[in-house]
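Participant: Below you will find the structure I want to go over with you.
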Amino acid sequence: MNRKAQAVVLFLVGVAMLRAGCTDLYLRYVKAGLRPLLLASGGVLVVAAAATVWYELRGPKTPPDPDPEGGSHEHGGHAHREPRVSWLLVLPLFALILVAPPALGSYSAMHTGTALQRPWGFPDLPAKDPLPLSVADYAGRAVYDHGHSLRDRRIKITGFLALDRDGAPYLVRMALNCCAADAQPVKIGLTGRIPPVVQPDTWLEVTGTYTAKQTKDPLGGGPIPFIEVSRARPVATPRDPYDESWNG
Amino acid sequence: MATVKAAPPPADRRAADARQGADDRQGADDRRGGRLDSSLVLTMLLVLAVAAQGPVRRALSAPVMQSWMTVFVAVVVQALPFLVLGVLLSALIAVFVPPSFFARALPRRPALAVPVAGAAGAVLPGCECASVPVAGALVRRGVAPAAALAFLLSAPAINPIVLTATAVAFPGEPRMVLARFVASLLVACVMGWLWQRVGRADWLRPPARPAFDGHGKGAAFWGSVRHDVMHAGGFLVVGAMAAATLKAMVPARWLHTAADDPVVSILALAVLAVLLSICSEADAFVAASLSQFSLTARLTFLVVGPMIDLKLFAMQAGTFGRAFALRFAPATFTLAVLVSALVGAVLL
């Protein structure tokens, strides 16, 4: 790859990072806290591309040394391998600009065991009705607090729908620590008035009540609590599809 | 790299410069028009990708392909800022810090310089992607390779950000932070001393680099940034593809059968750390969620991951040469597993 082509790739990668950081696109892949770093690195890449072009244009116009010594003996395909690896940088570029894959959904959720962990504590819940809770908060209280703080409350939870092999529905939210490579699902089983026709990966806002029913995730044996659904309505994908509150 | 006017190579860098010469020749070929002009190829590639985006998207719409791509893009997007940070630092070192500085800052005897450089890793905030280019720049600035390698291994594991994340992820186990710090620093120093004793200079092939001497400092700085981003970035993509493939393919089930046996569980998590290639700032949270494993096994996961994984192996091979990476990676892996088992037995 010559310098001009490198400048183009640097510029495009920089612009792709800036674009992902300026829109909510980056939230599909990394945690929200990385945004300033994304924007800064995108800016640096664009400046590096501009600097490359600038020095290329005003740089000394010496004709390149045809490299008299050792010009012939290394001319096999072997010697060109090193710079060629840079071509691979166009792959994430295409993936990010043209395809922009969606956030991890039901496929990953159903191939990974639930990652529910014992919460640090169970702070008092506000007196709202219905009470909005995150998937991990509900699951943590239902399993490790035996639903003490959840009884006699109407609860509202947002997550996406996933179906296991037998077609049983789960409400899932992926918990994310840094980037989608470490995202892990937290699952809640749905029982009661489940909508009759449901597509996996649909985002649902489920209103319901606590039930003591529990099951074990066949993958990993983690506990999956259930919720008695009274109402489920499809909602738009949230701005940040991942749950970042969990784990601090 | 067409117009780089290579400075007369010192004899010991002949091999590296021969590769650079190849690079220059490619540029010369571009000028003569005898070969494909890479700008033209790039333009054609971009146009083709835009024109064919419909079919490409349809082909990639299977769930397994989508989650592969999401993980692939996520690893690249997450690592790129840290790579850029490391590349900027490495360019600063290469252009503005004179070699005499390191000669004064580090003890003269390599045996002493190794622990000093290892402990200095604590000041580089960020994950492992930043430390590879910085270590490369240190070697080129005349720092003893043993010391630079100790820095390479310790920096991603013992900096304050990573240790804080570890403390947050293991709220009930403050000893985990201590164990991670001790084990990582120990492995880094032992690897440095090991390199000093048995390492051979010809394994370490500093990669081809354009010679930036004779240009202004600005040109040298941005030339170094451009070269390192393109180069290390390419290897980062290789590593991200491998990690995404394994994340999509490793069945969760075999992990759970491995958790019962103490020895097998340590090895299983060590291998998992290599395969998953998780950023060292996040790996503590993943380790915390592997709660069916013993603390020692999870410590192994935390010590091995920042030192050697698929992404790092690709980047090390790109920065220091394949002959180096093929020897360094297995040695690091073995030592990291042994030391973490030992430290875990004592501290946890």
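Here's how to read the names in the structure tokens: chain A, B, ... by the order shown, residue numbers from 1 in each chain, ligand numbers from 1 in the order shown.
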Name the residues of stretch 92-228 of chain B that come out as alpha helix (DSSP H) in a backbone DSSP run; write them as a PyMOL selection string.
Facilitator: chain B and resi 92-96+99-105+110-120+128-140+145-158+160-169+174-198+217-228
Participant: Could you name the residues that touch stretch 306-322 of chain B at 6 Å or less, counting only C-alpha atoms, but leaving out those on the same chain fewer than 5 positions away, as an NGL selection string?
Facilitator: :B and (128 or 153 or 156-157 or 204-206 or 232 or 235-236 or 239 or 274 or 277 or 280)
Participant: Neighbouring residues of B:Met65 were defined as those with any atom within 12 Å, considering only C-alpha atoms; residues of the same chain fewer than 2 positions away were excluded. Please report them as a PDB file with C-alpha atoms, in the first residue's frame.
Facilitator:
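Saved result, around-v3.pdb, follows:
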ATOM      1  CA  ALA A  95     -18.220  -3.647   8.575  1.00  0.00           C
ATOM      2  CA  VAL A  99     -23.057  -3.171   7.461  1.00  0.00           C
ATOM      3  CA  PRO A 101     -23.969  -5.095  12.619  1.00  0.00           C
ATOM      4  CA  PRO A 102     -26.645  -4.932  15.330  1.00  0.00           C
ATOM      5  CA  LEU A 104     -25.709  -8.858  20.283  1.00  0.00           C
ATOM      6  CA  TYR A 107     -28.533 -15.840  19.237  1.00  0.00           C
ATOM      7  CA  SER A 108     -25.653 -14.984  21.574  1.00  0.00           C
TER       8      SER A 108
ATOM      9  CA  VAL B  56     -23.176  -8.586   1.139  1.00  0.00           C
ATOM     10  CA  ARG B  57     -25.649  -7.577   3.828  1.00  0.00           C
ATOM     11  CA  ARG B  58     -28.017 -10.390   2.859  1.00  0.00           C
ATOM     12  CA  ALA B  59     -25.174 -12.888   2.977  1.00  0.00           C
ATOM     13  CA  LEU B  60     -24.265 -11.694   6.456  1.00  0.00           C
ATOM     14  CA  SER B  61     -27.759 -11.745   7.887  1.00  0.00           C
ATOM     15  CA  ALA B  62     -27.533 -15.219   9.459  1.00  0.00           C
ATOM     16  CA  PRO B  63     -27.528 -14.867  13.268  1.00  0.00           C
ATOM     17  CA  SER B  67     -22.872 -11.995  16.173  1.00  0.00           C
ATOM     18  CA  TRP B  68     -19.454 -12.802  14.685  1.00  0.00           C
ATOM     19  CA  MET B  69     -19.372  -9.405  13.028  1.00  0.00           C
ATOM     20  CA  THR B  70     -20.602  -7.595  16.121  1.00  0.00           C
ATOM     21  CA  VAL B  71     -17.840  -9.123  18.228  1.00  0.00           C
ATOM     22  CA  PHE B  72     -15.274  -8.467  15.492  1.00  0.00           C
ATOM     23  CA  MET B 241     -11.118 -12.041  13.581  1.00  0.00           C
ATOM     24  CA  ALA B 244     -14.611 -13.383  17.171  1.00  0.00           C
ATOM     25  CA  THR B 245     -14.416 -16.801  15.515  1.00  0.00           C
ATOM     26  CA  LYS B 247     -16.126 -16.581  20.748  1.00  0.00           C
ATOM     27  CA  ALA B 248     -18.751 -17.767  18.275  1.00  0.00           C
ATOM     28  CA  MET B 249     -17.509 -21.368  18.344  1.00  0.00           C
TER      29      MET B 249
END
Participant: Considering only C-alpha atoms, can you say which of A:Ile194, A:Ile157, A:Ala20, A:Val206 comes closest to chain B?
Facilitator: A:Ala20
Participant: I need the residue nearest A:Tyr29 from this list: B:Leu48, B:Val73, B:Leu138, B:Val84. Use only C-alpha atoms for the distance.
Facilitator: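 Among B:Leu48, B:Val73, B:Leu138, B:Val84, it is B:Val73 that comes nearest to A:Tyr29.
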Participant: To one decimal place in Å, what is the distance between atom CA of A:Pro185 and atom CA of B:Thr164?
Facilitator: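 Those two atoms sit 23.8 Å apart.
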Participant: When you count only C-alpha atoms, which of these residues is closest to B:Val346: B:Ala91, B:Ala288, B:Leu45, B:Leu295?
Facilitator: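 Between B:Ala91, B:Ala288, B:Leu45, B:Leu295, the residue approaching B:Val346 most closely is B:Leu295.
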Participant: To one decimal place, how far is atom CA of B:Met230 from atom CA of A:Leu38 in Å?
Facilitator: 17.2 Å
Participant: Give the strand (DSSP E or B) residues of stretch 172-206 of chain A, as DSSP finds them on the backbone, and put them as a PyMOL selection string.
Facilitator: chain A and resi 172-175+179+184-192+203-206
Participant: Would you save the residues of that selection, restricted to N, CA and C atoms, as a PDB file, in the first residue's frame?
Facilitator:
ATOM      1  N   VAL A 172     -34.363 -10.918  27.978  1.00  0.00           N
ATOM      2  CA  VAL A 172     -32.916 -10.921  28.172  1.00  0.00           C
ATOM      3  C   VAL A 172     -32.367  -9.505  28.026  1.00  0.00           C
ATOM      4  N   ARG A 173     -31.360  -9.215  28.788  1.00  0.00           N
ATOM      5  CA  ARG A 173     -30.550  -8.026  28.559  1.00  0.00           C
ATOM      6  C   ARG A 173     -29.102  -8.462  28.662  1.00  0.00           C
ATOM      7  N   MET A 174     -28.272  -8.030  27.716  1.00  0.00           N
ATOM      8  CA  MET A 174     -26.860  -8.369  27.778  1.00  0.00           C
ATOM      9  C   MET A 174     -26.162  -7.368  28.686  1.00  0.00           C
ATOM     10  N   ALA A 175     -25.394  -7.873  29.649  1.00  0.00           N
ATOM     11  CA  ALA A 175     -24.613  -6.993  30.517  1.00  0.00           C
ATOM     12  C   ALA A 175     -23.223  -6.840  29.922  1.00  0.00           C
ATOM     13  N   CYS A 179     -16.569  -4.163  26.070  1.00  0.00           N
ATOM     14  CA  CYS A 179     -17.048  -4.210  24.690  1.00  0.00           C
ATOM     15  C   CYS A 179     -17.880  -5.480  24.500  1.00  0.00           C
ATOM     16  N   GLN A 184     -22.463 -10.511  28.479  1.00  0.00           N
ATOM     17  CA  GLN A 184     -23.047 -11.750  28.978  1.00  0.00           C
ATOM     18  C   GLN A 184     -24.515 -11.528  29.261  1.00  0.00           C
ATOM     19  N   PRO A 185     -25.352 -12.521  28.981  1.00  0.00           N
ATOM     20  CA  PRO A 185     -26.787 -12.327  29.156  1.00  0.00           C
ATOM     21  C   PRO A 185     -27.237 -12.514  30.598  1.00  0.00           C
ATOM     22  N   VAL A 186     -28.279 -11.779  30.974  1.00  0.00           N
ATOM     23  CA  VAL A 186     -29.032 -12.076  32.190  1.00  0.00           C
ATOM     24  C   VAL A 186     -30.459 -12.362  31.718  1.00  0.00           C
ATOM     25  N   LYS A 187     -31.023 -13.502  32.142  1.00  0.00           N
ATOM     26  CA  LYS A 187     -32.299 -13.945  31.584  1.00  0.00           C
ATOM     27  C   LYS A 187     -33.379 -14.019  32.650  1.00  0.00           C
ATOM     28  N   ILE A 188     -34.587 -13.697  32.222  1.00  0.00           N
ATOM     29  CA  ILE A 188     -35.770 -13.880  33.063  1.00  0.00           C
ATOM     30  C   ILE A 188     -36.774 -14.684  32.245  1.00  0.00           C
ATOM     31  N   GLY A 189     -37.308 -15.737  32.837  1.00  0.00           N
ATOM     32  CA  GLY A 189     -38.320 -16.512  32.142  1.00  0.00           C
ATOM     33  C   GLY A 189     -39.666 -15.796  32.169  1.00  0.00           C
ATOM     34  N   LEU A 190     -40.445 -15.949  31.094  1.00  0.00           N
ATOM     35  CA  LEU A 190     -41.752 -15.304  31.030  1.00  0.00           C
ATOM     36  C   LEU A 190     -42.835 -16.355  31.219  1.00  0.00           C
ATOM     37  N   THR A 191     -43.798 -16.036  32.069  1.00  0.00           N
ATOM     38  CA  THR A 191     -44.947 -16.908  32.244  1.00  0.00           C
ATOM     39  C   THR A 191     -46.171 -16.020  32.371  1.00  0.00           C
ATOM     40  N   GLY A 192     -47.370 -16.623  32.296  1.00  0.00           N
ATOM     41  CA  GLY A 192     -48.573 -15.789  32.358  1.00  0.00           C
ATOM     42  C   GLY A 192     -49.023 -15.392  30.960  1.00  0.00           C
ATOM     43  N   TRP A 203     -37.831  -6.089  21.059  1.00  0.00           N
ATOM     44  CA  TRP A 203     -37.705  -5.455  22.376  1.00  0.00           C
ATOM     45  C   TRP A 203     -39.088  -5.324  22.978  1.00  0.00           C
ATOM     46  N   LEU A 204     -39.230  -5.777  24.213  1.00  0.00           N
ATOM     47  CA  LEU A 204     -40.519  -5.780  24.891  1.00  0.00           C
ATOM     48  C   LEU A 204     -40.428  -4.999  26.190  1.00  0.00           C
ATOM     49  N   GLU A 205     -41.539  -4.302  26.499  1.00  0.00           N
ATOM     50  CA  GLU A 205     -41.674  -3.749  27.843  1.00  0.00           C
ATOM     51  C   GLU A 205     -42.715  -4.608  28.539  1.00  0.00           C
ATOM     52  N   VAL A 206     -42.250  -5.365  29.532  1.00  0.00           N
ATOM     53  CA  VAL A 206     -43.114  -6.336  30.185  1.00  0.00           C
ATOM     54  C   VAL A 206     -43.567  -5.777  31.521  1.00  0.00           C
TER      55      VAL A 206
END
Participant: What's the separation between atom CA of A:Cys22 and atom CA of B:Leu124, in Å to one decimal place?
Facilitator: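 One can read the atom CA of A:Cys22 to atom CA of B:Leu124 distance as 27.3 Å.
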